[in-house]
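Asks: The structure that follows is given in the form of structure tokens.
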Amino acid sequence: MVSDSRADSFKAAGLSALMKGVGKVTRFIPFPQPTLLVGPGSSGRLGQAIAGMGHRKILIVTDNVISKLGLLKSMTDALQAGGADFVVFDEITPDAPIPLIERGIAFFEEHDCDAIVAFGGGSSMDASKAIALAVANPKPLRKLAGYFKGLRNPVKIYAVPTTAGTGSEVTVAAVISDPEHGKKLVIVDPRLVPKMAALDPVLMTGLPPHITAATGIDALTHAVEAFVGNWTTPYSDGMALSAVGLIFDNLRTCYTDGKNVVAREKMALASTYAGFAFTRANVGYVHAIAHQFGGKYHTPHGLANAIMLPLVLKFSAPAIIDRLALLAVRAKVGTEDEPAEELAQKFLDAVDALNHDLGIPTTLAALKEADIPDLAKAACFEAHTNYPVPRYMNQAECEDLIRQALPESATQKVTKPVKAAPRKRAKAT
């Protein structure tokens with residue numbers, strides 16, 4: 001009888017070989033890249049370009065806060081000046097749930113639109129992609145989840161990101177929330193990549209520090225997971241390393257000085273480069289676990305990634321020493337003449353330090369011990385069937401990893417003895 005550990009080893013070896021084989025195929029799939037307009041005022045220039053495309057009517061998909069703050073004005077003024085007709089759907093909320101996207105589809109059809117501008121953070125981008133595919137392929141959104149489920153081309157999408165994190169302006173995927181089943185669904189199709197995108201740092205100068213932090217580490221997660229996985233290419237490596245360097249050089253500045261347009265522009269580029277990297281090389285366990293947190297607790301995706309990135313990297317470290325060493329050099333926390341093991345540890349320490357400086361918590365307040373087995377099972381299934389992870393973990397290892405993110409109070413409830421001697425406790429600050 002084969003022991004559980006040997007069975008796990010055989011399974012991991014099989015999955016690794018399968019994913020490496022898939023990676024050899026995917027590297028030849030052509031992924032479209034949008035035309036990028038970069039710099040202050042680029043959202044207005046994008047509006048000028050779209051106005052000349054001859055669309056019948058354009059649907060702008062955004063959220064109520066962006067609409068009220070007037071961030072659309074530069075682009076909508078340009079659309080009006082160019083004679084383009086448009087309507088605004090500003091009901092987007094975090095996690096882009098299916099019922100909300102269905103309202104967006106109805107809004108698109110009611111106003112006889114033929115193009116979409118995704119304006120906002122990741123939820124606006126994801127909702128726009130789902131709407132674009134669904135109006136061209138009228139069937140339930142759940143049946144569009146997965147790879148290449150739409151027969152017809154989605155309507156044209158243009159993008160204006162207002163955060164530097166998701167990289168959705170250049171990616172092939174849309175992540176939407178299925179509240180009925182408490183999970184996230186991923187729609188993947190190369191035709192979902194926007195045709196043009198504007199990286200306008202002025203739109204990001206008003207972001208609160210905590211959003212700047214979470215979205216910035218989201219971009220770092222994209223770059224790092226793309227770089228350490230088994231689907232890397234010279235192109236994805238170049239994009240990932242560029243993103244890591246820009247993030248370590250500029251994210252702290254954006255966090256402490258949000259009005260710094262130069263740093264904001266570099267972070268916008270870092271997010272886009274990371275998007276290019278993981279579109280080609282994919283992600284890993286950090287995303288697999290973060291998606292479960294989002295589906296179960298509605299945890300913002302960037303925050304979930306930020307909490308899990310250090311934990312997953314430490315688990316994966318034995319298999320990716322050389323890769324972590326390269327990341328350390330690019331992050332400027334070590335030099336090429338140092339031993340790889342020392343550089344790897346320096347990068348792990350640098351990620352911890354960056355999270356600390358940005359006020360990222362080390363635990364997830366909503367996480368409950370009773371939920372961990374199901375979260376781990378779903379995360380392992382997602383990772384093992386989709387992602388080229390560098391080191392496989394089994395159910396027990398995944399549970400132990402997630403358990404490290406339990407809040408202190410929950411940990412005490414699990415570990416305290418049945419009969420404990422009473423004692424005074426200081427008030428928590």
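All residue names refer to the structure tokens as shown: chains lettered A, B, ... in order, residues numbered from 1 in each chain, ligands numbered from 1 in order.
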DSSP on the backbone: what in region 322-353 of chain A comes out alpha helix (DSSP H), as a list in words?
Replies: Asp322, Arg323, Leu324, Ala325, Leu326, Leu327, Ala328, Val329, Arg330, Ala340, Glu341, Glu342, Leu343, Ala344, Gln345, Lys346, Phe347, Leu348, Asp349, Ala350, Val351, Asp352 and Ala353 of chain A
Asks: Write out as a PyMOL selection string the set of residues from region 11-209 of chain A that DSSP, computed on the backbone, places in strand (DSSP E or B).
Replies: chain A and resi 35-38+58-61+86-89+97+115-120+146-147+156-161+173-178+183-188+196-199
Asks: Residues as selected, N, CA and C atoms, written as a short mmCIF file (atom, residue, chain, number, x, y, z; two decimals), in the first residue's frame, can you do that?
Replies:
data_model
loop_
_atom_site.label_atom_id
_atom_site.label_comp_id
_atom_site.auth_asym_id
_atom_site.auth_seq_id
_atom_site.Cartn_x
_atom_site.Cartn_y
_atom_site.Cartn_z
N THR A 35 -3.22 49.06 -27.57
CA THR A 35 -2.46 50.29 -27.75
C THR A 35 -2.52 51.07 -26.45
N LEU A 36 -1.36 51.46 -25.91
CA LEU A 36 -1.31 52.14 -24.63
C LEU A 36 -1.04 53.64 -24.81
N LEU A 37 -1.84 54.44 -24.13
CA LEU A 37 -1.60 55.88 -24.01
C LEU A 37 -1.19 56.13 -22.57
N VAL A 38 -0.04 56.74 -22.35
CA VAL A 38 0.52 56.84 -21.01
C VAL A 38 0.82 58.30 -20.67
N ILE A 58 -21.54 54.38 -26.99
CA ILE A 58 -20.54 53.76 -26.12
C ILE A 58 -21.09 53.66 -24.70
N LEU A 59 -20.92 52.50 -24.09
CA LEU A 59 -21.29 52.31 -22.69
C LEU A 59 -20.05 52.48 -21.82
N ILE A 60 -20.10 53.43 -20.90
CA ILE A 60 -19.02 53.61 -19.93
C ILE A 60 -19.41 52.88 -18.66
N VAL A 61 -18.60 51.90 -18.26
CA VAL A 61 -18.87 51.09 -17.07
C VAL A 61 -17.94 51.54 -15.96
N PHE A 86 -22.69 58.51 -25.88
CA PHE A 86 -22.34 57.57 -24.83
C PHE A 86 -23.37 57.62 -23.70
N VAL A 87 -23.40 56.55 -22.91
CA VAL A 87 -24.19 56.49 -21.68
C VAL A 87 -23.30 55.92 -20.59
N VAL A 88 -23.66 56.21 -19.34
CA VAL A 88 -22.84 55.79 -18.20
C VAL A 88 -23.62 54.82 -17.32
N PHE A 89 -23.03 53.66 -17.08
CA PHE A 89 -23.55 52.68 -16.11
C PHE A 89 -22.60 52.69 -14.92
N PRO A 97 -20.66 41.14 -8.82
CA PRO A 97 -21.53 39.95 -8.72
C PRO A 97 -22.39 39.75 -9.97
N ALA A 115 -20.06 49.37 -28.01
CA ALA A 115 -18.69 49.38 -27.48
C ALA A 115 -18.74 49.71 -26.00
N ILE A 116 -17.67 49.38 -25.30
CA ILE A 116 -17.62 49.59 -23.85
C ILE A 116 -16.30 50.26 -23.48
N VAL A 117 -16.38 51.23 -22.57
CA VAL A 117 -15.19 51.78 -21.92
C VAL A 117 -15.23 51.34 -20.46
N ALA A 118 -14.25 50.54 -20.05
CA ALA A 118 -14.12 50.12 -18.66
C ALA A 118 -13.31 51.19 -17.94
N PHE A 119 -13.93 51.85 -16.96
CA PHE A 119 -13.29 52.99 -16.30
C PHE A 119 -13.33 52.76 -14.79
N GLY A 120 -12.18 52.41 -14.21
CA GLY A 120 -12.15 52.19 -12.77
C GLY A 120 -11.14 51.14 -12.36
N GLY A 146 -14.79 29.89 -17.55
CA GLY A 146 -13.87 28.90 -18.07
C GLY A 146 -13.11 29.45 -19.26
N TYR A 147 -12.58 28.57 -20.08
CA TYR A 147 -11.73 28.97 -21.19
C TYR A 147 -12.50 28.93 -22.52
N LYS A 156 -16.19 45.56 -28.69
CA LYS A 156 -14.90 46.21 -28.42
C LYS A 156 -14.89 46.84 -27.03
N ILE A 157 -13.74 46.66 -26.38
CA ILE A 157 -13.55 47.22 -25.03
C ILE A 157 -12.36 48.17 -25.06
N TYR A 158 -12.52 49.31 -24.39
CA TYR A 158 -11.43 50.25 -24.13
C TYR A 158 -11.31 50.37 -22.61
N ALA A 159 -10.14 50.71 -22.11
CA ALA A 159 -9.94 50.66 -20.66
C ALA A 159 -9.21 51.89 -20.13
N VAL A 160 -9.67 52.34 -18.96
CA VAL A 160 -8.98 53.40 -18.21
C VAL A 160 -8.89 52.94 -16.76
N PRO A 161 -7.78 52.33 -16.34
CA PRO A 161 -7.64 51.91 -14.95
C PRO A 161 -7.43 53.11 -14.02
N ALA A 173 -8.47 37.80 -18.92
CA ALA A 173 -9.41 37.19 -17.96
C ALA A 173 -10.31 38.22 -17.31
N ALA A 174 -11.46 37.72 -16.86
CA ALA A 174 -12.37 38.49 -16.02
C ALA A 174 -12.79 37.61 -14.86
N VAL A 175 -12.71 38.15 -13.65
CA VAL A 175 -13.13 37.42 -12.45
C VAL A 175 -14.41 38.04 -11.93
N ILE A 176 -15.46 37.24 -11.84
CA ILE A 176 -16.74 37.75 -11.35
C ILE A 176 -17.18 36.92 -10.14
N SER A 177 -18.10 37.47 -9.38
CA SER A 177 -18.54 36.82 -8.15
C SER A 177 -19.88 36.14 -8.36
N ASP A 178 -19.97 34.92 -7.84
CA ASP A 178 -21.22 34.16 -7.87
C ASP A 178 -21.75 34.09 -6.44
N LYS A 183 -18.68 31.86 -4.47
CA LYS A 183 -17.37 31.62 -5.08
C LYS A 183 -17.12 32.61 -6.21
N LYS A 184 -15.89 32.61 -6.69
CA LYS A 184 -15.50 33.43 -7.82
C LYS A 184 -15.48 32.57 -9.09
N LEU A 185 -15.86 33.18 -10.21
CA LEU A 185 -15.81 32.52 -11.51
C LEU A 185 -14.82 33.27 -12.39
N VAL A 186 -14.05 32.53 -13.16
CA VAL A 186 -13.05 33.14 -14.03
C VAL A 186 -13.42 32.88 -15.49
N ILE A 187 -13.53 33.96 -16.25
CA ILE A 187 -13.79 33.89 -17.69
C ILE A 187 -12.49 34.21 -18.40
N VAL A 188 -12.05 33.33 -19.29
CA VAL A 188 -10.77 33.53 -19.97
C VAL A 188 -10.98 33.46 -21.49
N MET A 196 -7.65 49.49 -26.66
CA MET A 196 -6.79 50.61 -26.27
C MET A 196 -6.96 50.84 -24.78
N ALA A 197 -5.93 51.37 -24.14
CA ALA A 197 -6.00 51.67 -22.72
C ALA A 197 -5.21 52.93 -22.42
N ALA A 198 -5.70 53.69 -21.45
CA ALA A 198 -5.03 54.92 -21.02
C ALA A 198 -4.53 54.74 -19.60
N LEU A 199 -3.24 54.94 -19.38
CA LEU A 199 -2.65 54.92 -18.04
C LEU A 199 -2.44 56.36 -17.60
#
Asks: Write out as a PyMOL selection string which residues come within 8 Å of Thr162 (chain A) when counting only C-alpha atoms, dropping same-chain ones fewer than 5 positions away.
Replies: chain A and resi 119-121+200-201+203-204
Asks: Using only C-alpha atoms, please write the residues we just selected to a file, as an mmCIF file, in the first residue's frame.
Replies:
data_model
loop_
_atom_site.group_PDB
_atom_site.id
_atom_site.type_symbol
_atom_site.label_atom_id
_atom_site.label_comp_id
_atom_site.auth_asym_id
_atom_site.auth_seq_id
_atom_site.Cartn_x
_atom_site.Cartn_y
_atom_site.Cartn_z
ATOM 1 C CA PHE A 119 -13.294 52.993 -16.301
ATOM 2 C CA GLY A 120 -12.150 52.186 -12.768
ATOM 3 C CA GLY A 121 -10.559 49.428 -10.753
ATOM 4 C CA ASP A 200 -3.463 58.327 -16.594
ATOM 5 C CA PRO A 201 -1.642 58.810 -13.267
ATOM 6 C CA LEU A 203 -6.712 59.704 -11.905
ATOM 7 C CA MET A 204 -4.806 57.767 -9.223
#
Asks: So, counting only C-alpha atoms, which residue among A:Cys254, A:Ala365, A:Ala84, A:Ala325 is closest to Pro208 (chain A)?
Replies: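 Ranked by minimum distance to Pro208 (chain A), first place goes to A:Cys254.
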Asks: Near Glu91 (chain A), counting only C-alpha atoms, which residues have an atom at most 10 Å away, once you skip same-chain residues fewer than 4 positions from it, shown as a PDB file with N, CA, C and O atoms, in the first residue's frame?
Replies:
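around.pdb, freshly written:
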ATOM      1  N   VAL A  61     -18.604  51.901 -18.260  1.00  0.00           N
ATOM      2  CA  VAL A  61     -18.873  51.089 -17.073  1.00  0.00           C
ATOM      3  C   VAL A  61     -17.941  51.539 -15.958  1.00  0.00           C
ATOM      4  O   VAL A  61     -16.711  51.490 -16.098  1.00  0.00           O
ATOM      5  N   THR A  62     -18.527  51.977 -14.849  1.00  0.00           N
ATOM      6  CA  THR A  62     -17.714  52.503 -13.751  1.00  0.00           C
ATOM      7  C   THR A  62     -18.481  52.359 -12.442  1.00  0.00           C
ATOM      8  O   THR A  62     -19.544  51.723 -12.395  1.00  0.00           O
ATOM      9  N   ASP A  63     -17.947  52.949 -11.385  1.00  0.00           N
ATOM     10  CA  ASP A  63     -18.649  52.903 -10.095  1.00  0.00           C
ATOM     11  C   ASP A  63     -19.120  54.291  -9.709  1.00  0.00           C
ATOM     12  O   ASP A  63     -18.709  55.304 -10.288  1.00  0.00           O
ATOM     13  N   ASN A  64     -19.984  54.333  -8.708  1.00  0.00           N
ATOM     14  CA  ASN A  64     -20.627  55.588  -8.327  1.00  0.00           C
ATOM     15  C   ASN A  64     -19.645  56.609  -7.770  1.00  0.00           C
ATOM     16  O   ASN A  64     -19.799  57.815  -7.985  1.00  0.00           O
ATOM     17  N   VAL A  65     -18.618  56.147  -7.065  1.00  0.00           N
ATOM     18  CA  VAL A  65     -17.642  57.074  -6.482  1.00  0.00           C
ATOM     19  C   VAL A  65     -16.881  57.800  -7.577  1.00  0.00           C
ATOM     20  O   VAL A  65     -16.718  59.033  -7.541  1.00  0.00           O
ATOM     21  N   SER A  67     -17.809  58.282 -10.611  1.00  0.00           N
ATOM     22  CA  SER A  67     -18.742  59.163 -11.296  1.00  0.00           C
ATOM     23  C   SER A  67     -18.944  60.459 -10.518  1.00  0.00           C
ATOM     24  O   SER A  67     -18.910  61.563 -11.085  1.00  0.00           O
ATOM     25  N   ALA A  96     -17.908  42.538  -8.489  1.00  0.00           N
ATOM     26  CA  ALA A  96     -18.736  42.399  -9.693  1.00  0.00           C
ATOM     27  C   ALA A  96     -19.626  41.161  -9.656  1.00  0.00           C
ATOM     28  O   ALA A  96     -19.398  40.205 -10.389  1.00  0.00           O
ATOM     29  N   LEU A 100     -25.499  42.016 -10.746  1.00  0.00           N
ATOM     30  CA  LEU A 100     -25.120  43.362 -11.174  1.00  0.00           C
ATOM     31  C   LEU A 100     -24.685  43.356 -12.633  1.00  0.00           C
ATOM     32  O   LEU A 100     -25.058  44.254 -13.416  1.00  0.00           O
ATOM     33  N   ILE A 101     -23.923  42.367 -13.023  1.00  0.00           N
ATOM     34  CA  ILE A 101     -23.478  42.282 -14.412  1.00  0.00           C
ATOM     35  C   ILE A 101     -24.672  42.077 -15.337  1.00  0.00           C
ATOM     36  O   ILE A 101     -24.726  42.634 -16.442  1.00  0.00           O
ATOM     37  N   ARG A 103     -27.580  43.309 -14.883  1.00  0.00           N
ATOM     38  CA  ARG A 103     -28.182  44.646 -15.063  1.00  0.00           C
ATOM     39  C   ARG A 103     -27.381  45.446 -16.087  1.00  0.00           C
ATOM     40  O   ARG A 103     -27.944  46.206 -16.883  1.00  0.00           O
ATOM     41  N   GLY A 104     -26.065  45.287 -16.054  1.00  0.00           N
ATOM     42  CA  GLY A 104     -25.229  45.970 -17.039  1.00  0.00           C
ATOM     43  C   GLY A 104     -25.502  45.495 -18.454  1.00  0.00           C
ATOM     44  O   GLY A 104     -25.521  46.282 -19.403  1.00  0.00           O
ATOM     45  N   SER A 124     -14.612  47.090 -12.241  1.00  0.00           N
ATOM     46  CA  SER A 124     -15.162  47.716 -13.452  1.00  0.00           C
ATOM     47  C   SER A 124     -14.615  47.036 -14.702  1.00  0.00           C
ATOM     48  O   SER A 124     -15.342  46.817 -15.684  1.00  0.00           O
TER      49      SER A 124
END
Asks: Write out as a PDB file with N, CA, C and O atoms, in the first residue's frame each polymer residue whose atoms come within 7 Å of region 295-312 of chain A, counting only C-alpha atoms; drop sequence neighbours fewer than 4 positions from it.
Replies:
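The new file around22.pdb reads:
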ATOM      1  N   SER A 177     -18.101  37.472  -9.378  1.00  0.00           N
ATOM      2  CA  SER A 177     -18.538  36.822  -8.149  1.00  0.00           C
ATOM      3  C   SER A 177     -19.883  36.140  -8.359  1.00  0.00           C
ATOM      4  O   SER A 177     -20.793  36.694  -8.972  1.00  0.00           O
ATOM      5  N   GLY A 182     -21.336  31.410  -3.442  1.00  0.00           N
ATOM      6  CA  GLY A 182     -20.231  31.865  -2.598  1.00  0.00           C
ATOM      7  C   GLY A 182     -18.862  31.611  -3.174  1.00  0.00           C
ATOM      8  O   GLY A 182     -17.943  31.191  -2.461  1.00  0.00           O
ATOM      9  N   LYS A 183     -18.678  31.858  -4.474  1.00  0.00           N
ATOM     10  CA  LYS A 183     -17.372  31.623  -5.080  1.00  0.00           C
ATOM     11  C   LYS A 183     -17.117  32.606  -6.214  1.00  0.00           C
ATOM     12  O   LYS A 183     -18.010  33.345  -6.631  1.00  0.00           O
ATOM     13  N   LYS A 184     -15.889  32.612  -6.687  1.00  0.00           N
ATOM     14  CA  LYS A 184     -15.502  33.430  -7.822  1.00  0.00           C
ATOM     15  C   LYS A 184     -15.483  32.574  -9.086  1.00  0.00           C
ATOM     16  O   LYS A 184     -15.106  31.397  -9.047  1.00  0.00           O
ATOM     17  N   ALA A 214      -2.823  47.966  -1.075  1.00  0.00           N
ATOM     18  CA  ALA A 214      -3.350  46.650  -1.464  1.00  0.00           C
ATOM     19  C   ALA A 214      -3.238  46.421  -2.963  1.00  0.00           C
ATOM     20  O   ALA A 214      -2.854  45.331  -3.408  1.00  0.00           O
ATOM     21  N   THR A 215      -3.563  47.445  -3.754  1.00  0.00           N
ATOM     22  CA  THR A 215      -3.478  47.266  -5.204  1.00  0.00           C
ATOM     23  C   THR A 215      -2.029  47.165  -5.659  1.00  0.00           C
ATOM     24  O   THR A 215      -1.720  46.429  -6.601  1.00  0.00           O
ATOM     25  N   ILE A 217       0.478  45.781  -3.948  1.00  0.00           N
ATOM     26  CA  ILE A 217       0.940  44.423  -3.669  1.00  0.00           C
ATOM     27  C   ILE A 217       0.235  43.420  -4.578  1.00  0.00           C
ATOM     28  O   ILE A 217       0.792  42.361  -4.910  1.00  0.00           O
ATOM     29  N   ASP A 218      -0.967  43.741  -5.018  1.00  0.00           N
ATOM     30  CA  ASP A 218      -1.638  42.908  -6.019  1.00  0.00           C
ATOM     31  C   ASP A 218      -0.777  42.834  -7.277  1.00  0.00           C
ATOM     32  O   ASP A 218      -0.542  41.752  -7.831  1.00  0.00           O
ATOM     33  N   THR A 221       2.223  40.720  -6.644  1.00  0.00           N
ATOM     34  CA  THR A 221       1.860  39.301  -6.655  1.00  0.00           C
ATOM     35  C   THR A 221       1.781  38.770  -8.079  1.00  0.00           C
ATOM     36  O   THR A 221       2.269  37.675  -8.382  1.00  0.00           O
ATOM     37  N   TYR A 285      -0.662  29.764  -6.194  1.00  0.00           N
ATOM     38  CA  TYR A 285      -1.438  29.523  -4.984  1.00  0.00           C
ATOM     39  C   TYR A 285      -1.934  30.803  -4.316  1.00  0.00           C
ATOM     40  O   TYR A 285      -2.988  30.799  -3.666  1.00  0.00           O
ATOM     41  N   VAL A 286      -1.184  31.887  -4.416  1.00  0.00           N
ATOM     42  CA  VAL A 286      -1.639  33.129  -3.787  1.00  0.00           C
ATOM     43  C   VAL A 286      -3.012  33.504  -4.345  1.00  0.00           C
ATOM     44  O   VAL A 286      -3.951  33.793  -3.589  1.00  0.00           O
ATOM     45  N   HIS A 287      -3.140  33.469  -5.656  1.00  0.00           N
ATOM     46  CA  HIS A 287      -4.417  33.808  -6.275  1.00  0.00           C
ATOM     47  C   HIS A 287      -5.484  32.755  -5.974  1.00  0.00           C
ATOM     48  O   HIS A 287      -6.653  33.101  -5.752  1.00  0.00           O
ATOM     49  N   ALA A 290      -6.612  33.505  -2.505  1.00  0.00           N
ATOM     50  CA  ALA A 290      -7.261  34.821  -2.452  1.00  0.00           C
ATOM     51  C   ALA A 290      -8.653  34.778  -3.068  1.00  0.00           C
ATOM     52  O   ALA A 290      -9.583  35.438  -2.584  1.00  0.00           O
ATOM     53  N   HIS A 291      -8.815  34.021  -4.137  1.00  0.00           N
ATOM     54  CA  HIS A 291     -10.140  33.908  -4.753  1.00  0.00           C
ATOM     55  C   HIS A 291     -11.148  33.282  -3.788  1.00  0.00           C
ATOM     56  O   HIS A 291     -12.330  33.658  -3.783  1.00  0.00           O
ATOM     57  N   SER A 316       6.996  27.954  -1.019  1.00  0.00           N
ATOM     58  CA  SER A 316       7.560  27.604  -2.324  1.00  0.00           C
ATOM     59  C   SER A 316       9.064  27.757  -2.391  1.00  0.00           C
ATOM     60  O   SER A 316       9.703  27.231  -3.307  1.00  0.00           O
ATOM     61  N   LEU A 348      12.523  37.456   0.486  1.00  0.00           N
ATOM     62  CA  LEU A 348      11.416  37.126   1.387  1.00  0.00           C
ATOM     63  C   LEU A 348      11.285  38.173   2.489  1.00  0.00           C
ATOM     64  O   LEU A 348      10.173  38.616   2.813  1.00  0.00           O
ATOM     65  N   VAL A 351       9.783  41.455   1.081  1.00  0.00           N
ATOM     66  CA  VAL A 351       8.327  41.423   0.913  1.00  0.00           C
ATOM     67  C   VAL A 351       7.647  41.658   2.256  1.00  0.00           C
ATOM     68  O   VAL A 351       6.685  42.432   2.357  1.00  0.00           O
ATOM     69  N   ASP A 352       8.153  40.997   3.309  1.00  0.00           N
ATOM     70  CA  ASP A 352       7.610  41.228   4.653  1.00  0.00           C
ATOM     71  C   ASP A 352       7.734  42.699   5.043  1.00  0.00           C
ATOM     72  O   ASP A 352       6.791  43.289   5.592  1.00  0.00           O
ATOM     73  N   ILE A 360      -0.070  46.565   5.708  1.00  0.00           N
ATOM     74  CA  ILE A 360      -0.814  45.353   5.338  1.00  0.00           C
ATOM     75  C   ILE A 360      -0.891  44.433   6.556  1.00  0.00           C
ATOM     76  O   ILE A 360       0.135  44.131   7.162  1.00  0.00           O
ATOM     77  N   PRO A 361      -2.069  43.969   6.931  1.00  0.00           N
ATOM     78  CA  PRO A 361      -2.157  43.050   8.074  1.00  0.00           C
ATOM     79  C   PRO A 361      -1.548  41.689   7.736  1.00  0.00           C
ATOM     80  O   PRO A 361      -1.485  41.295   6.569  1.00  0.00           O
ATOM     81  N   THR A 362      -1.126  40.983   8.768  1.00  0.00           N
ATOM     82  CA  THR A 362      -0.574  39.642   8.556  1.00  0.00           C
ATOM     83  C   THR A 362      -1.645  38.567   8.664  1.00  0.00           C
ATOM     84  O   THR A 362      -1.388  37.403   8.359  1.00  0.00           O
ATOM     85  N   THR A 363      -2.839  38.953   9.113  1.00  0.00           N
ATOM     86  CA  THR A 363      -3.936  37.995   9.255  1.00  0.00           C
ATOM     87  C   THR A 363      -5.200  38.561   8.610  1.00  0.00           C
ATOM     88  O   THR A 363      -5.305  39.756   8.362  1.00  0.00           O
ATOM     89  N   ALA A 366     -11.663  38.148   8.947  1.00  0.00           N
ATOM     90  CA  ALA A 366     -12.891  37.378   8.715  1.00  0.00           C
ATOM     91  C   ALA A 366     -12.668  35.871   8.727  1.00  0.00           C
ATOM     92  O   ALA A 366     -13.634  35.096   8.829  1.00  0.00           O
ATOM     93  N   LEU A 401      -1.168  26.356   5.796  1.00  0.00           N
ATOM     94  CA  LEU A 401      -0.765  27.652   5.269  1.00  0.00           C
ATOM     95  C   LEU A 401      -1.842  28.695   5.537  1.00  0.00           C
ATOM     96  O   LEU A 401      -1.557  29.806   6.025  1.00  0.00           O
TER      97      LEU A 401
END
Asks: So, with only C-alpha atoms as the atoms that count, which of A:Glu338, A:Glu369, A:Glu225, A:Asp77 lies closest to Pro390 (chain A)?
Replies: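 Selected residue with least distance to Pro390 (chain A): A:Glu225.
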Asks: Counting only C-alpha atoms, which of A:Gly165, A:Gly44, A:Gly150, A:Gly52 gets nearest to Ser123 (chain A)?
Replies: A:Gly165
Asks: Neighbouring residues of Ala164 (chain A) were defined as those with any atom within 8 Å, considering only C-alpha atoms; residues of the same chain fewer than 4 positions away were excluded. Please report them as a list of chain:residue names.
Replies: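 Near Ala164 (chain A), the qualifying residues are A:Met204, A:Thr212, A:Thr215, A:Gly216, A:Ala219, A:Arg264, A:Met267, A:Ala268, A:Leu269, A:Ala270, A:Ser271, A:Thr272.
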Asks: How far is it from CA of Ala81 (chain A) to CA of Phe108 (chain A), in Å with one decimal?
Replies: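 Separating CA of Ala81 (chain A) from CA of Phe108 (chain A) is a distance of 22.5 Å.
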